[in-house]
>>> print(open('model-v1.tsv').read())   # TSV, C-alpha atoms
chain	number	residue	atom	x	y	z
A	1	MET	CA	0.00	0.00	0.00
A	2	ALA	CA	1.04	3.57	-0.55
A	3	LEU	CA	-0.28	7.05	0.06
A	4	GLU	CA	0.25	9.70	-2.59
A	5	VAL	CA	1.36	12.99	-1.07
A	6	ASN	CA	1.99	15.80	-3.55
A	7	GLY	CA	2.83	13.26	-6.21
A	8	VAL	CA	5.22	11.25	-4.05
A	9	ALA	CA	4.28	7.75	-2.91
A	10	VAL	CA	4.68	7.10	0.82
A	11	GLU	CA	4.80	3.48	1.89
A	12	LEU	CA	2.08	2.17	4.23
A	13	ASP	CA	1.72	-1.07	6.15
A	14	GLU	CA	-1.18	-3.47	5.56
A	15	GLU	CA	-3.37	-1.52	7.98
A	16	GLY	CA	-2.69	1.83	6.38
A	17	TYR	CA	-0.17	3.22	8.88
A	18	LEU	CA	3.12	4.75	7.79
A	19	MET	CA	5.85	2.18	7.30
A	20	GLU	CA	8.63	4.64	8.21
A	21	LEU	CA	8.17	7.32	10.82
A	22	GLU	CA	10.70	9.47	8.96
A	23	ASP	CA	8.38	9.69	5.95
A	24	TRP	CA	6.00	11.90	7.91
A	25	THR	CA	5.37	15.53	7.03
A	26	PRO	CA	2.38	17.70	7.92
A	27	GLU	CA	1.25	17.05	4.35
A	28	VAL	CA	0.96	13.35	5.17
A	29	ALA	CA	-1.44	14.14	8.01
A	30	LYS	CA	-3.49	16.40	5.73
A	31	THR	CA	-3.66	13.73	3.04
A	32	PHE	CA	-4.80	11.05	5.51
A	33	ALA	CA	-7.42	13.47	6.85
A	34	ALA	CA	-8.66	14.35	3.38
A	35	GLU	CA	-9.24	10.64	2.72
A	36	ASP	CA	-11.54	10.65	5.76
A	37	ASP	CA	-13.22	13.92	4.64
A	38	ILE	CA	-11.74	15.79	7.58
A	39	GLU	CA	-10.12	19.19	7.47
A	40	LEU	CA	-7.52	19.48	10.19
A	41	SER	CA	-8.13	22.25	12.70
A	42	GLU	CA	-5.79	23.64	15.29
A	43	GLU	CA	-7.38	21.27	17.81
A	44	HIS	CA	-6.52	18.30	15.60
A	45	TRP	CA	-2.94	19.51	15.31
A	46	ASP	CA	-2.65	19.82	19.09
A	47	ILE	CA	-3.36	16.11	19.41
A	48	ILE	CA	-1.22	15.10	16.42
A	49	ASN	CA	1.75	17.09	17.72
A	50	PHE	CA	1.23	15.74	21.20
A	51	LEU	CA	1.30	12.17	19.87
A	52	ARG	CA	4.48	12.80	17.91
A	53	GLU	CA	6.17	14.20	21.01
A	54	TYR	CA	4.95	11.28	23.09
A	55	TYR	CA	6.36	8.81	20.59
A	56	GLU	CA	9.62	10.69	20.38
A	57	GLU	CA	9.98	10.44	24.15
A	58	TYR	CA	8.67	6.94	24.87
A	59	GLN	CA	8.98	5.12	21.52
A	60	ILE	CA	5.42	3.85	21.79
A	61	ALA	CA	2.03	5.07	20.68
A	62	PRO	CA	-0.01	5.58	23.86
A	63	ALA	CA	-3.19	3.65	24.57
A	64	VAL	CA	-6.37	5.75	24.39
A	65	ARG	CA	-6.73	5.84	28.17
A	66	VAL	CA	-3.17	7.13	28.55
A	67	LEU	CA	-3.67	9.63	25.74
A	68	THR	CA	-6.86	10.96	27.32
A	69	LYS	CA	-5.23	11.47	30.68
A	70	ALA	CA	-2.11	13.08	29.23
A	71	VAL	CA	-4.12	15.43	26.99
A	72	GLY	CA	-6.13	16.56	30.00
A	73	LYS	CA	-2.96	17.35	31.84
A	74	ARG	CA	-1.23	19.07	28.94
A	75	LEU	CA	-4.07	20.83	27.08
A	76	GLY	CA	-6.60	21.36	29.83
A	77	LYS	CA	-9.14	19.27	31.73
A	78	GLU	CA	-12.00	20.05	29.33
A	79	LYS	CA	-10.05	18.26	26.57
A	80	GLY	CA	-9.00	15.26	28.61
A	81	ASN	CA	-12.02	13.13	27.89
A	82	SER	CA	-12.93	10.66	25.21
A	83	LYS	CA	-15.98	12.65	24.09
A	84	TYR	CA	-13.76	15.54	23.05
A	85	LEU	CA	-11.19	13.29	21.40
A	86	TYR	CA	-13.87	11.35	19.52
A	87	SER	CA	-15.39	14.62	18.30
A	88	LEU	CA	-12.06	15.34	16.61
A	89	PHE	CA	-11.26	11.78	15.56
A	90	PRO	CA	-14.54	9.93	15.07
A	91	PHE	CA	-12.80	6.69	14.02
A	92	GLY	CA	-11.10	6.47	17.39
A	93	PRO	CA	-8.49	8.84	18.78
A	94	GLY	CA	-5.95	6.05	19.19
A	95	LYS	CA	-6.16	4.62	15.73
A	96	GLN	CA	-7.02	7.65	13.65
A	97	ALA	CA	-4.88	10.27	15.38
A	98	CYS	CA	-1.88	7.94	15.50
A	99	LYS	CA	-2.28	7.27	11.81
A	100	TYR	CA	-2.36	10.98	10.97
A	101	ALA	CA	0.67	11.51	13.22
A	102	GLY	CA	2.62	8.87	11.31
A	103	LEU	CA	2.88	6.56	14.31
A	104	PRO	CA	2.33	2.82	14.28
A	105	LYS	CA	-1.00	1.48	15.51
A	106	PRO	CA	-1.11	1.76	19.31
A	107	THR	CA	-0.06	-1.33	21.21
A	108	GLY	CA	-3.13	-3.12	22.46
A	109	CYS	CA	-5.43	-1.66	19.82
A	110	VAL	CA	-7.32	-4.30	17.87
B	1	MET	CA	-14.29	-8.57	35.60
B	2	ALA	CA	-12.59	-9.60	38.82
B	3	ILE	CA	-9.22	-8.02	39.42
B	4	LYS	CA	-6.40	-10.50	39.62
B	5	LYS	CA	-2.82	-10.08	40.66
B	6	PHE	CA	-0.65	-10.54	37.58
B	7	MET	CA	3.12	-10.66	37.66
B	8	PHE	CA	5.26	-10.60	34.55
B	9	VAL	CA	8.68	-12.09	35.22
B	10	ASN	CA	11.54	-10.85	33.04
B	11	ARG	CA	14.72	-12.92	33.04
B	12	LYS	CA	16.33	-12.23	29.68
B	13	ALA	CA	18.58	-9.49	28.32
B	14	PRO	CA	16.71	-6.84	26.29
B	15	TYR	CA	18.28	-7.66	22.94
B	16	GLY	CA	19.40	-10.91	21.32
B	17	SER	CA	16.00	-12.48	21.78
B	18	VAL	CA	12.47	-11.20	21.44
B	19	TYR	CA	11.42	-11.99	25.03
B	20	ALA	CA	11.88	-8.55	26.59
B	21	LEU	CA	10.01	-6.67	23.86
B	22	GLU	CA	7.22	-9.25	23.75
B	23	SER	CA	6.88	-9.03	27.53
B	24	LEU	CA	6.67	-5.24	27.39
B	25	GLU	CA	3.95	-5.40	24.74
B	26	VAL	CA	1.90	-7.89	26.76
B	27	VAL	CA	2.34	-5.75	29.87
B	28	LEU	CA	1.09	-2.64	28.06
B	29	ILE	CA	-1.87	-4.56	26.67
B	30	SER	CA	-2.68	-5.99	30.11
B	31	ALA	CA	-2.98	-2.45	31.46
B	32	ALA	CA	-6.11	-2.01	29.34
B	33	PHE	CA	-7.88	-4.66	31.42
B	34	ASP	CA	-7.57	-2.88	34.76
B	35	GLN	CA	-5.74	-5.70	36.51
B	36	ASP	CA	-3.28	-5.48	39.37
B	37	VAL	CA	-0.07	-5.76	37.36
B	38	SER	CA	3.47	-5.96	38.65
B	39	LEU	CA	6.78	-6.73	36.97
B	40	ALA	CA	9.78	-8.65	38.24
B	41	PHE	CA	13.28	-8.21	36.87
B	42	LEU	CA	15.80	-10.89	37.67
B	43	ASP	CA	18.82	-12.63	36.17
B	44	ASP	CA	19.78	-10.89	32.87
B	45	GLY	CA	16.31	-9.32	32.91
B	46	VAL	CA	17.72	-6.51	35.04
B	47	TYR	CA	19.55	-5.26	31.94
B	48	GLN	CA	16.14	-4.39	30.41
B	49	ILE	CA	15.85	-1.30	32.59
B	50	THR	CA	19.47	-0.15	32.66
B	51	LYS	CA	20.32	3.43	31.71
B	52	ASN	CA	22.01	4.59	28.53
B	53	GLN	CA	21.20	1.62	26.33
B	54	ASP	CA	22.70	2.02	22.88
B	55	THR	CA	21.61	-0.28	20.09
B	56	THR	CA	23.35	1.43	17.18
B	57	GLY	CA	25.88	-1.40	16.90
B	58	ILE	CA	23.27	-4.14	16.54
B	59	GLY	CA	20.84	-2.34	14.26
B	60	GLN	CA	17.83	-2.88	16.51
B	61	LYS	CA	15.34	-0.39	17.86
B	62	ASN	CA	16.19	0.81	21.35
B	63	PHE	CA	12.86	0.40	23.13
B	64	SER	CA	14.11	1.16	26.63
B	65	ALA	CA	12.32	4.54	26.72
B	66	ALA	CA	9.02	2.68	26.67
B	67	TYR	CA	9.60	1.47	30.24
B	68	LYS	CA	9.32	5.12	31.28
B	69	ALA	CA	5.73	5.10	30.01
B	70	LEU	CA	4.70	2.31	32.40
B	71	GLY	CA	3.78	4.88	35.05
B	72	ASP	CA	1.28	6.45	32.63
B	73	TYR	CA	-0.28	3.01	32.30
B	74	GLU	CA	-0.59	2.80	36.09
B	75	ILE	CA	1.97	0.01	36.23
B	76	ASN	CA	4.08	1.11	39.15
B	77	LYS	CA	5.29	-2.01	40.92
B	78	LEU	CA	8.59	-3.01	39.39
B	79	TYR	CA	10.45	-5.47	41.62
B	80	VAL	CA	14.16	-5.76	40.94
B	81	GLU	CA	16.15	-8.55	42.51
B	82	LYS	CA	19.11	-7.28	44.47
B	83	GLU	CA	21.25	-10.39	43.99
B	84	SER	CA	20.78	-10.29	40.21
B	85	LEU	CA	22.09	-6.73	40.15
B	86	GLU	CA	25.04	-7.56	42.39
B	87	GLU	CA	26.02	-10.65	40.39
B	88	ARG	CA	26.32	-8.38	37.35
B	89	GLY	CA	28.22	-5.61	39.11
B	90	LEU	CA	25.22	-3.29	38.89
B	91	THR	CA	23.52	-1.07	41.44
B	92	ILE	CA	20.19	0.70	41.45
B	93	ALA	CA	22.05	3.78	40.17
B	94	ASP	CA	22.62	1.91	36.89
B	95	LEU	CA	18.87	1.63	36.34
B	96	MET	CA	16.65	4.20	34.64
B	97	PRO	CA	14.65	6.26	37.13
B	98	LEU	CA	11.17	4.87	36.47
B	99	MET	CA	8.51	7.02	38.06
B	100	TRP	CA	4.76	7.33	38.36
B	101	GLU	CA	2.55	10.22	39.41
B	102	ASP	CA	0.33	9.72	42.43
B	103	GLU	CA	-2.98	11.44	41.61
B	104	ASP	CA	-4.11	11.02	45.20
B	105	ASP	CA	-1.04	12.78	46.52
B	106	ASP	CA	-0.95	16.03	44.50
B	107	TYR	CA	0.60	14.29	41.46
B	108	GLN	CA	3.84	13.64	43.29
B	109	GLU	CA	6.38	11.69	41.30
B	110	LYS	CA	7.24	8.44	43.04
B	111	SER	CA	9.62	5.68	42.11
B	112	SER	CA	8.12	2.50	40.67
B	113	ILE	CA	11.26	0.49	41.41
B	114	TYR	CA	11.42	-1.72	44.48
B	115	LEU	CA	14.72	-3.37	45.25
B	116	VAL	CA	14.05	-6.73	46.91
B	117	ASN	CA	16.24	-9.66	47.84
B	118	ARG	CA	15.76	-13.19	46.55
B	119	ALA	CA	13.69	-14.36	49.53
B	120	GLU	CA	11.43	-11.30	49.36
B	121	MET	CA	10.97	-11.84	45.62
B	122	ALA	CA	9.86	-15.42	46.28
B	123	ASP	CA	7.32	-14.17	48.82
B	124	ILE	CA	5.96	-11.55	46.41
B	125	MET	CA	5.63	-14.19	43.68
B	126	ALA	CA	3.79	-16.49	46.07
B	127	THR	CA	1.06	-13.86	46.56
B	128	GLN	CA	0.33	-13.60	42.80
B	129	GLU	CA	-2.64	-15.23	41.12
B	130	VAL	CA	-1.08	-15.29	37.68
B	131	VAL	CA	2.67	-15.40	37.00
B	132	ILE	CA	3.82	-15.14	33.39
B	133	SER	CA	7.48	-15.73	32.63
B	134	PHE	CA	9.46	-14.28	29.77
>>> encode(input="model-v1.tsv", output="structure tokens")
Amino acid sequence: MALEVNGVAVELDEEGYLMELEDWTPEVAKTFAAEDDIELSEEHWDIINFLREYYEEYQIAPAVRVLTKAVGKRLGKEKGNSKYLYSLFPFGPGKQACKYAGLPKPTGCV
Amino acid sequence: MAIKKFMFVNRKAPYGSVYALESLEVVLISAAFDQDVSLAFLDDGVYQITKNQDTTGIGQKNFSAAYKALGDYEINKLYVEKESLEERGLTIADLMPLMWEDEDDDYQEKSSIYLVNRAEMADIMATQEVVISF
């Protein structure tokens, strides 16, 4: 599988996540989002950037529960709940946001 | 679902076999089921949580940073066997500081690492309902 970003093919795994973390650019996130008919807002980017920082630090994609708690701490309590995260990423904040952020599928996500 | 006491026992060096990484993945998955999870590090398993791991020479991913996320997953009982450290010329200072935040105590950072001797480790294992060895 591959994703075409500005005419360049980016390699994806069998579940549609980026094969190589280094292939990620903001354009990749926008292209993934466009496929889901979503236009990325600042709120989306907050989560995407948070996930990239989390991965950079811990080398894993956090589980949804961990993401929710950490977002609440970092971005404010009103955002640290699954209702808010699902409103941004209706296909599941773990799966969808990690995909946009170029991370692998979160461990423990089926 | 009833909460059970699970202990994951880590005895192998982090690289050279897939045991340590597989164990870590299972541990992170287990956290999703709200169980009482603890980890034991003994024998070469103590190397899994040593500081300054460098995998550039073996071309494998250094996944040691992921142990620092265990606190976020509310896994904060990491028992390290004292004799295993000593036999390898290591002390607790050679281990990564692995912390968790206590929500009930003003988010204080507390250490997840408990240094125990061989007899204490045996006692802790005896209180577990499920022991899974890697």
>>> closest_residue(input="model-v1.tsv", among="A:Lys95, A:Lys73, A:Glu4, A:Tyr58", to="Tyr107 (chain B)", atoms="only C-alpha atoms")
A:Lys73
>>> residues_around(input="model-v1.tsv", residues="Leu90 (chain B)", least_positions_apart="5", cutoff="12 Å", atoms="only C-alpha atoms", output="PyMOL selection string")
chain B and resi 43-44+46-47+49-51+80-85+95
>>> axis_aligned_box(input="model-v1.tsv", around="region 99-106 of chain B", padding_each_side="5 Å", output="AutoDock Vina command-line options")
--center_x 2.2 --center_y 11.5 --center_z 42.3 --size_x 22.6 --size_y 19.0 --size_z 18.5
>>> closest_residue(input="model-v1.tsv", among="B:Tyr15, B:Trp100, B:Phe134, B:Tyr67", to="chain A", atoms="all atoms listed in the file")
B:Tyr67
>>> interface_residues(input="model-v1.tsv", of="chain A", to="chain B", cutoff="12 Å", atoms="only C-alpha atoms", output="list in words")
Tyr54, Tyr55, Glu56, Glu57, Tyr58, Gln59, Ile60, Ala61, Pro62, Ala63, Val64, Arg65, Val66, Leu67, Thr68, Lys69, Ala70, Val71, Lys73, Pro106, Thr107, Gly108, Cys109 and Val110 of chain A
>>> closest_residue(input="model-v1.tsv", among="A:Cys98, A:Leu12, A:Met1, A:Leu85", to="Ala29 (chain A)", atoms="all atoms listed in the file")
A:Cys98
>>> atom_distance(input="model-v1.tsv", atom1="CA of Ile92 (chain B)", atom2="CA of Gln108 (chain B)")
20.9 Å
>>> atom_distance(input="model-v1.tsv", atom1="CA of Val37 (chain B)", atom2="CA of Phe6 (chain B)")
4.8 Å
>>> residues_near_point(input="model-v1.tsv", point="(-1.8, -11.4, 39.2)", cutoff="8 Å", atoms="only C-alpha atoms", output="short mmCIF file (atom, residue, chain, number, x, y, z; two decimals) with C-alpha atoms, in the frame of the given file")
data_model
loop_
_atom_site.label_atom_id
_atom_site.label_comp_id
_atom_site.auth_asym_id
_atom_site.auth_seq_id
_atom_site.Cartn_x
_atom_site.Cartn_y
_atom_site.Cartn_z
CA LYS B 4 -6.40 -10.50 39.62
CA LYS B 5 -2.82 -10.08 40.66
CA PHE B 6 -0.65 -10.54 37.58
CA MET B 7 3.12 -10.66 37.66
CA GLN B 35 -5.74 -5.70 36.51
CA ASP B 36 -3.28 -5.48 39.37
CA VAL B 37 -0.07 -5.76 37.36
CA SER B 38 3.47 -5.96 38.65
CA GLN B 128 0.33 -13.60 42.80
CA GLU B 129 -2.64 -15.23 41.12
CA VAL B 130 -1.08 -15.29 37.68
CA VAL B 131 2.67 -15.40 37.00
#
>>> closest_residue(input="model-v1.tsv", among="A:Ala101, A:Val8, A:Leu3, A:Leu75", to="Glu43 (chain A)", atoms="all atoms listed in the file")
A:Leu75
>>> residues_near_point(input="model-v1.tsv", point="(12.3, -19.5, 34.3)", cutoff="9 Å", atoms="all atoms listed in the file", output="ChimeraX atom specification")
/B:9-11,133-134
>>> write_last_selection(input="model-v1.tsv", atoms="C-alpha atoms", output="PDB file, keeping the file's coordinate frame")
ATOM      1  CA  VAL B   9       8.680 -12.090  35.220  1.00  0.00           C
ATOM      2  CA  ASN B  10      11.540 -10.850  33.040  1.00  0.00           C
ATOM      3  CA  ARG B  11      14.720 -12.920  33.040  1.00  0.00           C
ATOM      4  CA  SER B 133       7.480 -15.730  32.630  1.00  0.00           C
ATOM      5  CA  PHE B 134       9.460 -14.280  29.770  1.00  0.00           C
TER       6      PHE B 134
END
>>> atom_distance(input="model-v1.tsv", atom1="CA of Gly45 (chain B)", atom2="CA of Pro97 (chain B)")
16.2 Å
>>> residues_around(input="model-v1.tsv", residues="Glu35 (chain A)", least_positions_apart="3", cutoff="12 Å", atoms="only C-alpha atoms", output="MDAnalysis selection string")
chainID A and resid 3:5 16 28:32 38:40 96 99:100
>>> closest_residue(input="model-v1.tsv", among="A:Pro104, A:His44, A:Leu21, A:Asp13", to="Tyr86 (chain A)", atoms="only C-alpha atoms")
A:His44
>>> residues_around(input="model-v1.tsv", residues="Lys83 (chain A)", least_positions_apart="4", cutoff="12 Å", atoms="only C-alpha atoms", output="number ranges by chain")
A: 64, 68, 78-79, 87-90, 92-93
>>> write_last_selection(input="model-v1.tsv", atoms="C-alpha atoms", output="mmCIF file, in the coordinates of the input")
data_model
loop_
_atom_site.group_PDB
_atom_site.id
_atom_site.type_symbol
_atom_site.label_atom_id
_atom_site.label_comp_id
_atom_site.auth_asym_id
_atom_site.auth_seq_id
_atom_site.Cartn_x
_atom_site.Cartn_y
_atom_site.Cartn_z
ATOM 1 C CA VAL A 64 -6.370 5.750 24.390
ATOM 2 C CA THR A 68 -6.860 10.960 27.320
ATOM 3 C CA GLU A 78 -12.000 20.050 29.330
ATOM 4 C CA LYS A 79 -10.050 18.260 26.570
ATOM 5 C CA SER A 87 -15.390 14.620 18.300
ATOM 6 C CA LEU A 88 -12.060 15.340 16.610
ATOM 7 C CA PHE A 89 -11.260 11.780 15.560
ATOM 8 C CA PRO A 90 -14.540 9.930 15.070
ATOM 9 C CA GLY A 92 -11.100 6.470 17.390
ATOM 10 C CA PRO A 93 -8.490 8.840 18.780
#
>>> closest_residue(input="model-v1.tsv", among="A:Lys77, A:Gly72, A:Glu20, A:Glu14", to="Ile47 (chain A)", atoms="all atoms listed in the file")
A:Gly72
